[in-house]
Protein chains: 4
Amino acid sequence: MNARYETGAACASTRLAVAGDRIAQLDAALEDSWHELVAPSRFSTRIRSGTFDARLYAIYLIETYHYTLHNSRNQALAGARAFDREPQFLKFCFKHASEEVGHELLALHDLCSLGLERDTLVLPAPLPSTEVLIAYLYWISQTGNSVQRLGYSFWAERCYRFIGPLLQSARSRLRLQDSQMTFLVAHAQIDDAHGREVVETMERHCRDAADWECVARAMHTSLRLTAQVLDDVEAAFTQLASGRSRHYAFLSCLA
Amino acid sequence: MNARYETGAACASTRLAVAGDRIAQLDAALEDSWHELVAPSRFSTRIRSGTFDARLYAIYLIETYHYTLHNSRNQALAGARAFDREPQFLKFCFKHASEEVGHELLALHDLCSLGLERDTLVLPAPLPSTEVLIAYLYWISQTGNSVQRLGYSFWAERCYRFIGPLLQSARSRLRLQDSQMTFLVAHAQIDDAHGREVVETMERHCRDAADWECVARAMHTSLRLTAQVLDDVEAAFTQLASGRSRHYAFLSCLA
Amino acid sequence: MNARYETGAACASTRLAVAGDRIAQLDAALEDSWHELVAPSRFSTRIRSGTFDARLYAIYLIETYHYTLHNSRNQALAGARAFDREPQFLKFCFKHASEEVGHELLALHDLCSLGLERDTLVLPAPLPSTEVLIAYLYWISQTGNSVQRLGYSFWAERCYRFIGPLLQSARSRLRLQDSQMTFLVAHAQIDDAHGREVVETMERHCRDAADWECVARAMHTSLRLTAQVLDDVEAAFTQLASGRSRHYAFLSCLA
Amino acid sequence: MNARYETGAACASTRLAVAGDRIAQLDAALEDSWHELVAPSRFSTRIRSGTFDARLYAIYLIETYHYTLHNSRNQALAGARAFDREPQFLKFCFKHASEEVGHELLALHDLCSLGLERDTLVLPAPLPSTEVLIAYLYWISQTGNSVQRLGYSFWAERCYRFIGPLLQSARSRLRLQDSQMTFLVAHAQIDDAHGREVVETMERHCRDAADWECVARAMHTSLRLTAQVLDDVEAAFTQLASGRSRHYAFLSCLA
């Protein structure tokens, strides 16, 4: 049978050892990237300084809504086009996609819980940097190396250890209840299991150096684009708070 | 909120009643189409006449392998592009897709169980009519009405009451064990649950007459294309058996 | 440079000789396919018998409108995804696409010239077999062998020598002016040049037996699907003329 | 006829006046964006300072090769999916695409003219920011507003008045001949005519405020992503020149 994928059961233990090394490297690279790209960002600085109000969280949630609306979709697309992988990889993609469906509604719920009326709410279009993130996630899901999107899942599902302190700052500053942070709380829980599945999927389906390098590249690039989104959220808040922009004027009731 | 989908909870009971009627109509149309398109086909006639051997079943399994390789994929694509539907519709698509992954391997297993060596087996390309069926299933999954692919699932998951007698004829003629019919046996079982889910999904997500008409159209058209595949399987067997074609010569060991 | 395409200038003359043989084979296969699939069809028989009126031509034009609306698009897509071919192949696809743009309006013009009011005309959806043809043309344009769509262009641009007698029958039976057959007349002229370009493109860009076989397969399959469309046009006319269907009732003024 | 596009000939003169204003606004916004994003960039500063050698130009050409390889393709895709526009818009897209085919080879030619051997040259993968630009250009070509990609063409085809001084600096610093700058020189010429066609296409096919806003947004975002590419080219050169990276070590012969 002209199998287009091969697992090489014979060398499974070697592959697992290699995978362990690669995942440790990814973890180290993620920590480095986070400290390079997100920790010193204007967004993080703003949060740490405490000089913000609920409008910053609202703009963050709007952007989160926008890209999350696409995440289960591009996760599914990543499976649909993977003709060079074992069926279990497709199963991971489709199952994972089914579990991410509708999570944008958590962000919408949290947004409304701040005091916006859902029935009359008209969300503004995503910020350009959010649109770029969405475009990139579809791109890595639909073209190029067929497992590379795992690099996005890898950090997106395990960033809570980094993002925790920022969250605590925002929560205490804005006196938020858990019920107003369902997106982040739910994800911190769901993504714990997902994070393990992502690692297992990498161990099983990353076959060679090219796979691992594409995963690392997708991780770094998607994290960089996300850092840009966060900084643009901060910039939008600054413009709104200073009265220089009317774009998010409908959030003024939250000030 | 500018919801792009609406369920109209108020009229849920009316919708359910309408759905019941529509599903009864679909069932009747399926029975009509089956009796018009498949029952009198050269394929069915050949099976009923008993004038075939394992090569006919082998060619059937090869074509089944080819289109089944794509079914979980286009099922996932149908969800990924449905921006005008509730999240539960996406969840159905992705979950369903995850459950269909790898079923082509059942067809491959059954093929090899007839006496072909899997390691050296090189499957021929799909018959043109199989490629047309595949093309059409991607088409309805990716374009046009976003629930129309349910029309394919509707008949594909509940055709076993029709196909049962044909199966019994083939099984007894070829003295097949259940272990040589895993694709059909497994599907008859799996698809029973799937069939109910398809109906529930239709009841919930088909909103208007246009939805139901697109579903009916996709059902009829995909059934017609499948009937063409079956007739071309029969024609390929006839050509092989009569020595007029060498295309499936590697199956001669099964004669 | 890791060129992903190669022309092998050294063996250009050999390739041209092979191409000449292959094109002669395609021409012979086209003639065979036409005489097998179209000549004896219910559509052709109906035309030859003279037992039809303008409603048959109208239904034909409606279906022609529907698939022609997509032809320049899928021609362009065939170039956009061809990463394994020389730039000249893309240039052919995009230029050819630009020249086919809007030809569906010729079919629409001819339809209205029969006596339908363009402002109030609402075209019915394509027949299922037309939708299948459209789906298949997108499929061969977007997936599989990257030059295979040439097999469709090959016959579509040079079928006028076959279709001529049918046209003359229809024209004299319906007393049509050239100005009521702009789609066919314009295409017969335009496609003459296009037909030569298609052959030159094949000579230059079909590199190996696999390419030629995919082209031949696409030719045969698209011709078969078109024959099905023609027969379904005839069936729709028969149903309309016999009063068994109201689907094309708006054409009754043409009877 | 259920026309899905409308030009409203009656108000053509009003539309042209609006278009004139909009284009003037775009031109002003382009000048602002250039001076905000590109003029003060590390890339521009590096060029102006004269502290670079041919390796900077080489890296620039490599990235140019990568995104240019896709530009005719996504230009064609923008037409293929535009079902809500007049045929002339598709014609513009496909004709324009055909004229952009193969321009990546100009960049490759210029790269080799610096002293690299084409036969043995293996181009490195695009920088992540180049991949993001490519992903975004496909995204705006395939989804969202169907004329928005004009915003990219608008600046890409008329940036030469801005980029001229940078080019002159590089040319004199590196003592380049015109024959080593074919990409830029040819584009400056070709794009002059293209630039006018882009403006005419906007005047004719941008119908409402939403169209113009999407065009403006695509212009700004694609320019921002391009500025990021240029800065990453500069960063890659700095790393190479300082010996901190081996990624472009094959360019050391150009130092």
# chains A, B, ... in the order shown; residues from 1 in each chain; ligands from 1

$ closest_atom_pairs --of "chain D" --to "chain C" --cutoff "7 Å" --atoms "only C-alpha atoms" --output "CSV"
residue,atom,partner,partner_atom,distance
D:Met1,CA,C:Leu121,CA,4.2
D:Asn2,CA,C:Val122,CA,5.5
D:Arg73,CA,C:Ala80,CA,4.3
D:Ala76,CA,C:Ala76,CA,6.0
D:Leu77,CA,C:Leu77,CA,6.5
D:Ala80,CA,C:Arg73,CA,4.3
D:Pro87,CA,C:Gly102,CA,5.2
D:Leu90,CA,C:Val101,CA,6.8
D:Lys91,CA,C:Ser98,CA,4.9
D:Phe94,CA,C:Ser98,CA,5.0
D:Lys95,CA,C:Ser98,CA,5.6
D:Ala97,CA,C:Phe94,CA,6.4
D:Ser98,CA,C:Lys91,CA,4.8
D:Val101,CA,C:Pro87,CA,6.0
D:Gly102,CA,C:Pro87,CA,5.2
D:Arg118,CA,C:Met1,CA,5.3
D:Asp119,CA,C:Met1,CA,5.0
D:Thr120,CA,C:Met1,CA,5.4
D:Leu121,CA,C:Met1,CA,4.2
D:Val122,CA,C:Met1,CA,5.1

$ residues_around --residues "segment 25-41 of chain C" --least-positions-apart "4" --cutoff "12 Å" --atoms "only C-alpha atoms" --output "compact mmCIF listing (two decimals) with all heavy atoms, in the first residue's frame"
# COMPACT_ATOMS: atom_id res chain seq x y z
N VAL C 18 6.48 14.22 -29.03
CA VAL C 18 5.58 13.49 -28.14
C VAL C 18 4.25 14.23 -28.03
O VAL C 18 3.17 13.64 -28.12
CB VAL C 18 6.22 13.31 -26.75
CG1 VAL C 18 5.19 12.80 -25.74
CG2 VAL C 18 7.43 12.40 -26.83
N ALA C 19 4.35 15.55 -27.85
CA ALA C 19 3.13 16.36 -27.69
C ALA C 19 2.25 16.23 -28.93
O ALA C 19 1.02 16.11 -28.81
CB ALA C 19 3.50 17.82 -27.44
N GLY C 20 2.86 16.23 -30.11
CA GLY C 20 2.08 16.08 -31.33
C GLY C 20 1.30 14.78 -31.34
O GLY C 20 0.09 14.76 -31.64
N ASP C 21 1.96 13.70 -30.94
CA ASP C 21 1.27 12.41 -30.85
C ASP C 21 0.13 12.46 -29.85
O ASP C 21 -0.98 11.99 -30.10
CB ASP C 21 2.26 11.31 -30.42
CG ASP C 21 3.24 10.97 -31.53
OD1 ASP C 21 3.04 11.46 -32.67
OD2 ASP C 21 4.19 10.21 -31.26
N THR C 45 -30.80 13.82 -30.28
CA THR C 45 -31.90 13.20 -31.00
C THR C 45 -33.08 14.16 -31.13
O THR C 45 -33.69 14.30 -32.20
CB THR C 45 -32.34 11.92 -30.26
OG1 THR C 45 -31.19 11.09 -30.10
CG2 THR C 45 -33.41 11.17 -31.04
N ARG C 46 -33.36 14.82 -30.03
CA ARG C 46 -34.45 15.80 -30.02
C ARG C 46 -34.19 16.91 -31.05
O ARG C 46 -35.08 17.28 -31.81
CB ARG C 46 -34.55 16.39 -28.61
CG ARG C 46 -35.44 17.58 -28.43
CD ARG C 46 -36.91 17.24 -28.44
NE ARG C 46 -37.33 16.50 -27.27
CZ ARG C 46 -38.58 16.11 -27.05
NH1 ARG C 46 -39.53 16.36 -27.93
NH2 ARG C 46 -38.89 15.41 -25.97
N ILE C 47 -32.98 17.41 -31.06
CA ILE C 47 -32.65 18.48 -32.02
C ILE C 47 -32.82 17.98 -33.44
O ILE C 47 -33.46 18.62 -34.29
CB ILE C 47 -31.19 18.97 -31.82
CG1 ILE C 47 -30.99 19.58 -30.44
CG2 ILE C 47 -30.82 19.97 -32.94
CD1 ILE C 47 -31.44 20.99 -30.29
N ARG C 48 -32.25 16.82 -33.70
CA ARG C 48 -32.32 16.30 -35.06
C ARG C 48 -33.76 16.04 -35.52
O ARG C 48 -34.11 16.21 -36.68
CB ARG C 48 -31.48 15.02 -35.18
CG ARG C 48 -29.98 15.30 -35.29
CD ARG C 48 -29.22 14.05 -35.73
NE ARG C 48 -29.40 12.97 -34.77
CZ ARG C 48 -28.57 12.70 -33.77
NH1 ARG C 48 -27.48 13.43 -33.59
NH2 ARG C 48 -28.82 11.72 -32.95
N LEU C 150 -6.63 21.83 -18.69
CA LEU C 150 -6.46 21.97 -20.13
C LEU C 150 -7.32 20.96 -20.89
O LEU C 150 -7.72 21.21 -22.04
CB LEU C 150 -4.99 21.79 -20.51
CG LEU C 150 -4.04 22.92 -20.10
CD1 LEU C 150 -2.59 22.47 -20.23
CD2 LEU C 150 -4.30 24.17 -20.94
N GLY C 151 -7.58 19.82 -20.27
CA GLY C 151 -8.41 18.80 -20.91
C GLY C 151 -9.83 19.29 -21.15
O GLY C 151 -10.48 18.91 -22.14
N TYR C 152 -10.31 20.13 -20.25
CA TYR C 152 -11.63 20.74 -20.46
C TYR C 152 -11.55 21.79 -21.56
O TYR C 152 -12.35 21.78 -22.51
CB TYR C 152 -12.14 21.36 -19.15
CG TYR C 152 -13.37 22.21 -19.34
CD1 TYR C 152 -14.56 21.66 -19.82
CD2 TYR C 152 -13.35 23.56 -19.02
CE1 TYR C 152 -15.70 22.43 -19.99
CE2 TYR C 152 -14.50 24.34 -19.20
CZ TYR C 152 -15.66 23.78 -19.69
OH TYR C 152 -16.77 24.55 -19.86
N SER C 153 -10.57 22.69 -21.46
CA SER C 153 -10.43 23.73 -22.49
C SER C 153 -10.28 23.10 -23.87
O SER C 153 -10.81 23.60 -24.86
CB SER C 153 -9.20 24.60 -22.20
OG SER C 153 -9.36 25.30 -20.99
N PHE C 154 -9.54 21.99 -23.92
CA PHE C 154 -9.25 21.36 -25.20
C PHE C 154 -10.53 21.06 -25.99
O PHE C 154 -10.65 21.39 -27.16
CB PHE C 154 -8.46 20.06 -24.98
CG PHE C 154 -8.02 19.39 -26.24
CD1 PHE C 154 -6.89 19.82 -26.92
CD2 PHE C 154 -8.73 18.32 -26.77
CE1 PHE C 154 -6.48 19.20 -28.09
CE2 PHE C 154 -8.33 17.70 -27.93
CZ PHE C 154 -7.20 18.14 -28.60
N TRP C 155 -11.50 20.45 -25.31
CA TRP C 155 -12.72 20.13 -26.07
C TRP C 155 -13.69 21.32 -26.11
O TRP C 155 -14.34 21.53 -27.12
CB TRP C 155 -13.38 18.86 -25.56
CG TRP C 155 -14.22 18.97 -24.32
CD1 TRP C 155 -13.86 18.58 -23.07
CD2 TRP C 155 -15.56 19.45 -24.22
NE1 TRP C 155 -14.88 18.81 -22.19
CE2 TRP C 155 -15.94 19.34 -22.87
CE3 TRP C 155 -16.48 19.98 -25.12
CZ2 TRP C 155 -17.19 19.74 -22.39
CZ3 TRP C 155 -17.73 20.38 -24.66
CH2 TRP C 155 -18.08 20.25 -23.30
N ALA C 156 -13.71 22.10 -25.01
CA ALA C 156 -14.70 23.18 -24.97
C ALA C 156 -14.41 24.22 -26.04
O ALA C 156 -15.32 24.87 -26.55
CB ALA C 156 -14.73 23.81 -23.59
N GLU C 157 -13.16 24.39 -26.38
CA GLU C 157 -12.78 25.42 -27.34
C GLU C 157 -12.72 24.90 -28.78
O GLU C 157 -12.45 25.65 -29.70
CB GLU C 157 -11.39 25.99 -26.98
CG GLU C 157 -11.23 26.32 -25.51
CD GLU C 157 -11.36 27.80 -25.20
OE1 GLU C 157 -11.93 28.52 -26.04
OE2 GLU C 157 -10.91 28.22 -24.14
N ARG C 158 -12.92 23.63 -28.95
CA ARG C 158 -12.84 23.11 -30.32
C ARG C 158 -13.99 22.16 -30.62
O ARG C 158 -13.85 21.29 -31.48
CB ARG C 158 -11.50 22.44 -30.55
CG ARG C 158 -11.13 21.43 -29.50
CD ARG C 158 -9.89 20.64 -29.86
NE ARG C 158 -8.81 21.46 -30.33
CZ ARG C 158 -7.85 21.00 -31.14
NH1 ARG C 158 -7.90 19.74 -31.56
NH2 ARG C 158 -6.88 21.78 -31.51
N CYS C 159 -15.10 22.35 -29.94
CA CYS C 159 -16.22 21.43 -30.17
C CYS C 159 -17.13 21.92 -31.28
O CYS C 159 -18.13 21.27 -31.59
CB CYS C 159 -17.02 21.22 -28.89
SG CYS C 159 -17.81 22.72 -28.31
N TYR C 160 -16.77 23.07 -31.88
CA TYR C 160 -17.72 23.66 -32.83
C TYR C 160 -17.85 22.87 -34.12
O TYR C 160 -18.87 22.92 -34.78
CB TYR C 160 -17.38 25.14 -33.03
CG TYR C 160 -17.53 25.82 -31.71
CD1 TYR C 160 -16.43 26.05 -30.89
CD2 TYR C 160 -18.80 26.11 -31.23
CE1 TYR C 160 -16.60 26.59 -29.63
CE2 TYR C 160 -18.97 26.64 -29.98
CZ TYR C 160 -17.87 26.88 -29.18
OH TYR C 160 -18.05 27.38 -27.93
N ARG C 161 -16.79 22.13 -34.45
CA ARG C 161 -16.94 21.30 -35.66
C ARG C 161 -17.97 20.18 -35.43
O ARG C 161 -18.62 19.73 -36.36
CB ARG C 161 -15.58 20.72 -36.07
CG ARG C 161 -14.96 19.84 -35.01
CD ARG C 161 -13.60 19.30 -35.46
NE ARG C 161 -12.70 19.24 -34.30
CZ ARG C 161 -11.86 18.25 -34.08
NH1 ARG C 161 -11.76 17.26 -34.94
NH2 ARG C 161 -11.08 18.26 -33.02
N PHE C 162 -18.09 19.75 -34.16
CA PHE C 162 -19.10 18.72 -33.88
C PHE C 162 -20.48 19.32 -33.72
O PHE C 162 -21.48 18.80 -34.17
CB PHE C 162 -18.75 17.98 -32.59
CG PHE C 162 -17.41 17.35 -32.61
CD1 PHE C 162 -16.43 17.72 -31.70
CD2 PHE C 162 -17.12 16.36 -33.55
CE1 PHE C 162 -15.19 17.13 -31.72
CE2 PHE C 162 -15.87 15.76 -33.57
CZ PHE C 162 -14.90 16.14 -32.66
N ILE C 163 -20.49 20.45 -33.00
CA ILE C 163 -21.77 21.01 -32.60
C ILE C 163 -22.41 21.80 -33.74
O ILE C 163 -23.61 22.10 -33.69
CB ILE C 163 -21.57 21.87 -31.32
CG1 ILE C 163 -22.78 21.71 -30.40
CG2 ILE C 163 -21.30 23.32 -31.66
CD1 ILE C 163 -22.56 22.33 -29.02
N PRO C 165 -23.51 21.11 -36.83
CA PRO C 165 -24.77 20.61 -37.42
C PRO C 165 -25.97 20.75 -36.48
O PRO C 165 -27.07 21.11 -36.91
CB PRO C 165 -24.46 19.14 -37.68
CG PRO C 165 -22.96 19.09 -37.83
CD PRO C 165 -22.42 20.13 -36.90
N LEU C 166 -25.74 20.53 -35.18
CA LEU C 166 -26.84 20.70 -34.22
C LEU C 166 -27.31 22.15 -34.23
O LEU C 166 -28.51 22.43 -34.23
CB LEU C 166 -26.39 20.31 -32.81
CG LEU C 166 -26.20 18.81 -32.52
CD1 LEU C 166 -25.73 18.62 -31.08
CD2 LEU C 166 -27.51 18.06 -32.74
N GLY C 195 -8.38 27.85 -28.91
CA GLY C 195 -8.07 26.44 -29.13
C GLY C 195 -6.60 26.25 -29.48
O GLY C 195 -5.95 25.32 -28.99
N VAL C 199 -3.61 24.27 -27.29
CA VAL C 199 -2.70 23.25 -27.82
C VAL C 199 -1.24 23.66 -27.57
O VAL C 199 -0.42 22.85 -27.14
CB VAL C 199 -2.97 23.02 -29.32
CG1 VAL C 199 -1.83 22.24 -29.97
CG2 VAL C 199 -4.29 22.28 -29.50
N MET C 202 -0.41 23.11 -23.98
CA MET C 202 -0.18 21.68 -23.73
C MET C 202 1.21 21.27 -24.20
O MET C 202 1.94 20.57 -23.50
CB MET C 202 -1.21 20.84 -24.48
CG MET C 202 -2.58 20.85 -23.85
SD MET C 202 -3.67 19.85 -24.90
CE MET C 202 -5.06 19.66 -23.80
N TRP C 212 -0.30 14.08 -19.36
CA TRP C 212 -1.18 13.81 -20.51
C TRP C 212 -2.37 12.95 -20.11
O TRP C 212 -3.49 13.14 -20.61
CB TRP C 212 -0.39 13.14 -21.64
CG TRP C 212 0.54 14.08 -22.34
CD1 TRP C 212 1.91 14.12 -22.23
CD2 TRP C 212 0.18 15.13 -23.26
NE1 TRP C 212 2.42 15.13 -23.02
CE2 TRP C 212 1.39 15.77 -23.66
CE3 TRP C 212 -1.02 15.59 -23.77
CZ2 TRP C 212 1.41 16.84 -24.54
CZ3 TRP C 212 -1.02 16.65 -24.66
CH2 TRP C 212 0.20 17.27 -25.04
N GLU C 213 -2.14 12.02 -19.20
CA GLU C 213 -3.26 11.16 -18.77
C GLU C 213 -4.29 11.94 -17.96
O GLU C 213 -5.50 11.72 -18.10
CB GLU C 213 -2.73 9.96 -17.98
CG GLU C 213 -2.17 8.89 -18.92
CD GLU C 213 -1.10 8.02 -18.28
OE1 GLU C 213 -1.13 7.87 -17.04
OE2 GLU C 213 -0.23 7.50 -19.01
N CYS C 214 -3.79 12.85 -17.14
CA CYS C 214 -4.74 13.67 -16.36
C CYS C 214 -5.54 14.58 -17.28
O CYS C 214 -6.74 14.82 -17.06
CB CYS C 214 -3.99 14.49 -15.31
SG CYS C 214 -3.37 13.48 -13.96
N VAL C 215 -4.88 15.12 -18.30
CA VAL C 215 -5.58 15.96 -19.28
C VAL C 215 -6.65 15.14 -20.01
O VAL C 215 -7.80 15.59 -20.15
CB VAL C 215 -4.56 16.56 -20.28
CG1 VAL C 215 -5.27 17.10 -21.52
CG2 VAL C 215 -3.75 17.67 -19.61
N ALA C 216 -6.29 13.94 -20.42
CA ALA C 216 -7.25 13.09 -21.15
C ALA C 216 -8.44 12.73 -20.26
O ALA C 216 -9.60 12.74 -20.70
CB ALA C 216 -6.55 11.82 -21.64
N ARG C 217 -8.14 12.45 -19.02
CA ARG C 217 -9.20 12.08 -18.08
C ARG C 217 -10.14 13.27 -17.84
O ARG C 217 -11.36 13.10 -17.82
CB ARG C 217 -8.51 11.65 -16.78
CG ARG C 217 -9.41 11.28 -15.66
CD ARG C 217 -8.51 10.99 -14.43
NE ARG C 217 -9.30 10.79 -13.26
CZ ARG C 217 -9.61 9.61 -12.74
NH1 ARG C 217 -9.17 8.50 -13.31
NH2 ARG C 217 -10.34 9.50 -11.65
N ALA C 218 -9.56 14.45 -17.65
CA ALA C 218 -10.39 15.63 -17.42
C ALA C 218 -11.25 15.94 -18.66
O ALA C 218 -12.39 16.37 -18.54
CB ALA C 218 -9.52 16.83 -17.06
N MET C 219 -10.67 15.70 -19.84
CA MET C 219 -11.45 15.92 -21.06
C MET C 219 -12.65 14.99 -21.10
O MET C 219 -13.79 15.43 -21.27
CB MET C 219 -10.58 15.68 -22.31
CG MET C 219 -11.35 15.87 -23.61
SD MET C 219 -10.35 15.53 -25.08
CE MET C 219 -10.52 13.73 -25.17
N HIS C 220 -12.40 13.74 -20.89
CA HIS C 220 -13.47 12.75 -21.00
C HIS C 220 -14.53 12.98 -19.92
O HIS C 220 -15.74 12.95 -20.21
CB HIS C 220 -12.90 11.33 -20.88
CG HIS C 220 -13.92 10.28 -21.14
ND1 HIS C 220 -14.31 9.91 -22.41
CD2 HIS C 220 -14.68 9.55 -20.29
CE1 HIS C 220 -15.25 8.99 -22.33
NE2 HIS C 220 -15.50 8.74 -21.05
N THR C 221 -14.08 13.24 -18.70
CA THR C 221 -15.05 13.39 -17.60
C THR C 221 -15.90 14.64 -17.77
O THR C 221 -17.11 14.61 -17.57
CB THR C 221 -14.31 13.40 -16.25
OG1 THR C 221 -13.49 12.23 -16.16
CG2 THR C 221 -15.29 13.42 -15.09
N SER C 222 -15.26 15.76 -18.17
CA SER C 222 -16.04 16.99 -18.31
C SER C 222 -17.00 16.90 -19.50
O SER C 222 -18.09 17.47 -19.47
CB SER C 222 -15.11 18.20 -18.43
OG SER C 222 -14.25 18.07 -19.53
N LEU C 223 -16.60 16.15 -20.51
CA LEU C 223 -17.50 15.96 -21.65
C LEU C 223 -18.70 15.10 -21.24
O LEU C 223 -19.84 15.38 -21.62
CB LEU C 223 -16.72 15.30 -22.79
CG LEU C 223 -17.39 15.21 -24.15
CD1 LEU C 223 -17.85 16.58 -24.65
CD2 LEU C 223 -16.46 14.58 -25.17
N ARG C 224 -18.42 14.08 -20.45
CA ARG C 224 -19.50 13.21 -19.96
C ARG C 224 -20.49 14.01 -19.11
O ARG C 224 -21.70 13.85 -19.24
CB ARG C 224 -18.87 12.08 -19.14
CG ARG C 224 -19.84 11.04 -18.63
CD ARG C 224 -19.08 9.97 -17.83
NE ARG C 224 -19.95 8.93 -17.33
CZ ARG C 224 -19.52 7.88 -16.65
NH1 ARG C 224 -18.22 7.72 -16.41
NH2 ARG C 224 -20.37 6.97 -16.19
N LEU C 225 -19.97 14.88 -18.24
CA LEU C 225 -20.85 15.68 -17.39
C LEU C 225 -21.65 16.68 -18.23
O LEU C 225 -22.81 16.97 -17.92
CB LEU C 225 -20.05 16.41 -16.32
CG LEU C 225 -19.34 15.50 -15.30
CD1 LEU C 225 -18.56 16.35 -14.30
CD2 LEU C 225 -20.34 14.61 -14.55
N THR C 226 -21.03 17.19 -19.29
CA THR C 226 -21.74 18.11 -20.17
C THR C 226 -22.84 17.39 -20.93
O THR C 226 -23.95 17.93 -21.11
CB THR C 226 -20.75 18.78 -21.14
OG1 THR C 226 -19.76 19.46 -20.37
CG2 THR C 226 -21.46 19.78 -22.04
N ALA C 227 -22.57 16.18 -21.36
CA ALA C 227 -23.60 15.39 -22.04
C ALA C 227 -24.78 15.16 -21.10
O ALA C 227 -25.96 15.21 -21.53
CB ALA C 227 -23.02 14.05 -22.50
N GLN C 228 -24.50 14.95 -19.84
CA GLN C 228 -25.58 14.78 -18.85
C GLN C 228 -26.40 16.07 -18.72
O GLN C 228 -27.62 16.03 -18.61
CB GLN C 228 -24.96 14.39 -17.51
CG GLN C 228 -25.98 14.07 -16.43
CD GLN C 228 -26.74 12.78 -16.70
OE1 GLN C 228 -26.14 11.72 -16.81
NE2 GLN C 228 -28.06 12.88 -16.83
N VAL C 229 -25.70 17.21 -18.73
CA VAL C 229 -26.42 18.49 -18.69
C VAL C 229 -27.37 18.60 -19.88
O VAL C 229 -28.55 18.95 -19.72
CB VAL C 229 -25.43 19.68 -18.68
CG1 VAL C 229 -26.18 21.00 -18.89
CG2 VAL C 229 -24.62 19.71 -17.38
N LEU C 230 -26.85 18.29 -21.06
CA LEU C 230 -27.68 18.41 -22.27
C LEU C 230 -28.90 17.50 -22.18
O LEU C 230 -30.01 17.91 -22.52
CB LEU C 230 -26.85 18.10 -23.52
CG LEU C 230 -25.70 19.08 -23.81
CD1 LEU C 230 -24.91 18.62 -25.04
CD2 LEU C 230 -26.24 20.50 -24.02
N ASP C 231 -28.69 16.30 -21.69
CA ASP C 231 -29.84 15.39 -21.58
C ASP C 231 -30.82 15.88 -20.53
O ASP C 231 -32.04 15.71 -20.69
CB ASP C 231 -29.35 13.98 -21.23
CG ASP C 231 -29.01 13.19 -22.50
OD1 ASP C 231 -29.22 13.74 -23.60
OD2 ASP C 231 -28.56 12.04 -22.37
N ASP C 232 -30.32 16.50 -19.49
CA ASP C 232 -31.24 17.02 -18.48
C ASP C 232 -31.96 18.28 -18.97
O ASP C 232 -33.10 18.54 -18.56
CB ASP C 232 -30.50 17.30 -17.16
CG ASP C 232 -30.13 16.00 -16.45
OD1 ASP C 232 -30.47 14.91 -16.97
OD2 ASP C 232 -29.51 16.04 -15.38
N VAL C 233 -31.31 19.03 -19.85
CA VAL C 233 -32.01 20.14 -20.51
C VAL C 233 -33.17 19.57 -21.34
O VAL C 233 -34.30 20.08 -21.28
CB VAL C 233 -31.04 20.93 -21.41
CG1 VAL C 233 -31.80 21.83 -22.38
CG2 VAL C 233 -30.07 21.75 -20.56
N GLU C 234 -32.88 18.51 -22.06
CA GLU C 234 -33.93 17.90 -22.89
C GLU C 234 -35.06 17.37 -22.00
O GLU C 234 -36.25 17.57 -22.31
CB GLU C 234 -33.31 16.76 -23.73
CG GLU C 234 -34.22 16.24 -24.84
CD GLU C 234 -35.20 15.18 -24.35
OE1 GLU C 234 -34.98 14.57 -23.26
OE2 GLU C 234 -36.20 14.96 -25.05
N ALA C 235 -34.69 16.74 -20.90
CA ALA C 235 -35.72 16.20 -19.99
C ALA C 235 -36.56 17.33 -19.40
O ALA C 235 -37.78 17.19 -19.26
CB ALA C 235 -35.05 15.38 -18.88

$ select_by_dssp --residues "segment 20-247 of chain C" --states "alpha helix (DSSP H)" --output "ChimeraX atom specification"
/C:20-33,42-49,54-80,87-100,104-113,128-142,150-156,160-174,182-205,209-241

$ residues_around --residues "Pro126 of chain B" --least-positions-apart "5" --cutoff "7 Å" --atoms "only C-alpha atoms" --output "list in words"
Glu63, His66 and Glu131 of chain B

$ residues_around --residues "Tyr248 of chain B" --least-positions-apart "6" --cutoff "12 Å" --atoms "only C-alpha atoms" --output "PyMOL selection string"
chain B and resi 55-56+58-60+62+121-127+233+235-242+254-255

$ atom_distance --atom1 "atom CA of Thr68 of chain B" --atom2 "atom CA of Ile134 of chain B"
8.9 Å

$ residues_around --residues "segment 173-175 of chain B" --least-positions-apart "4" --cutoff "7 Å" --atoms "only C-alpha atoms" --output "list of chain:residue names"
B:Gly50, B:Asp53, B:Ala54, B:Ser169
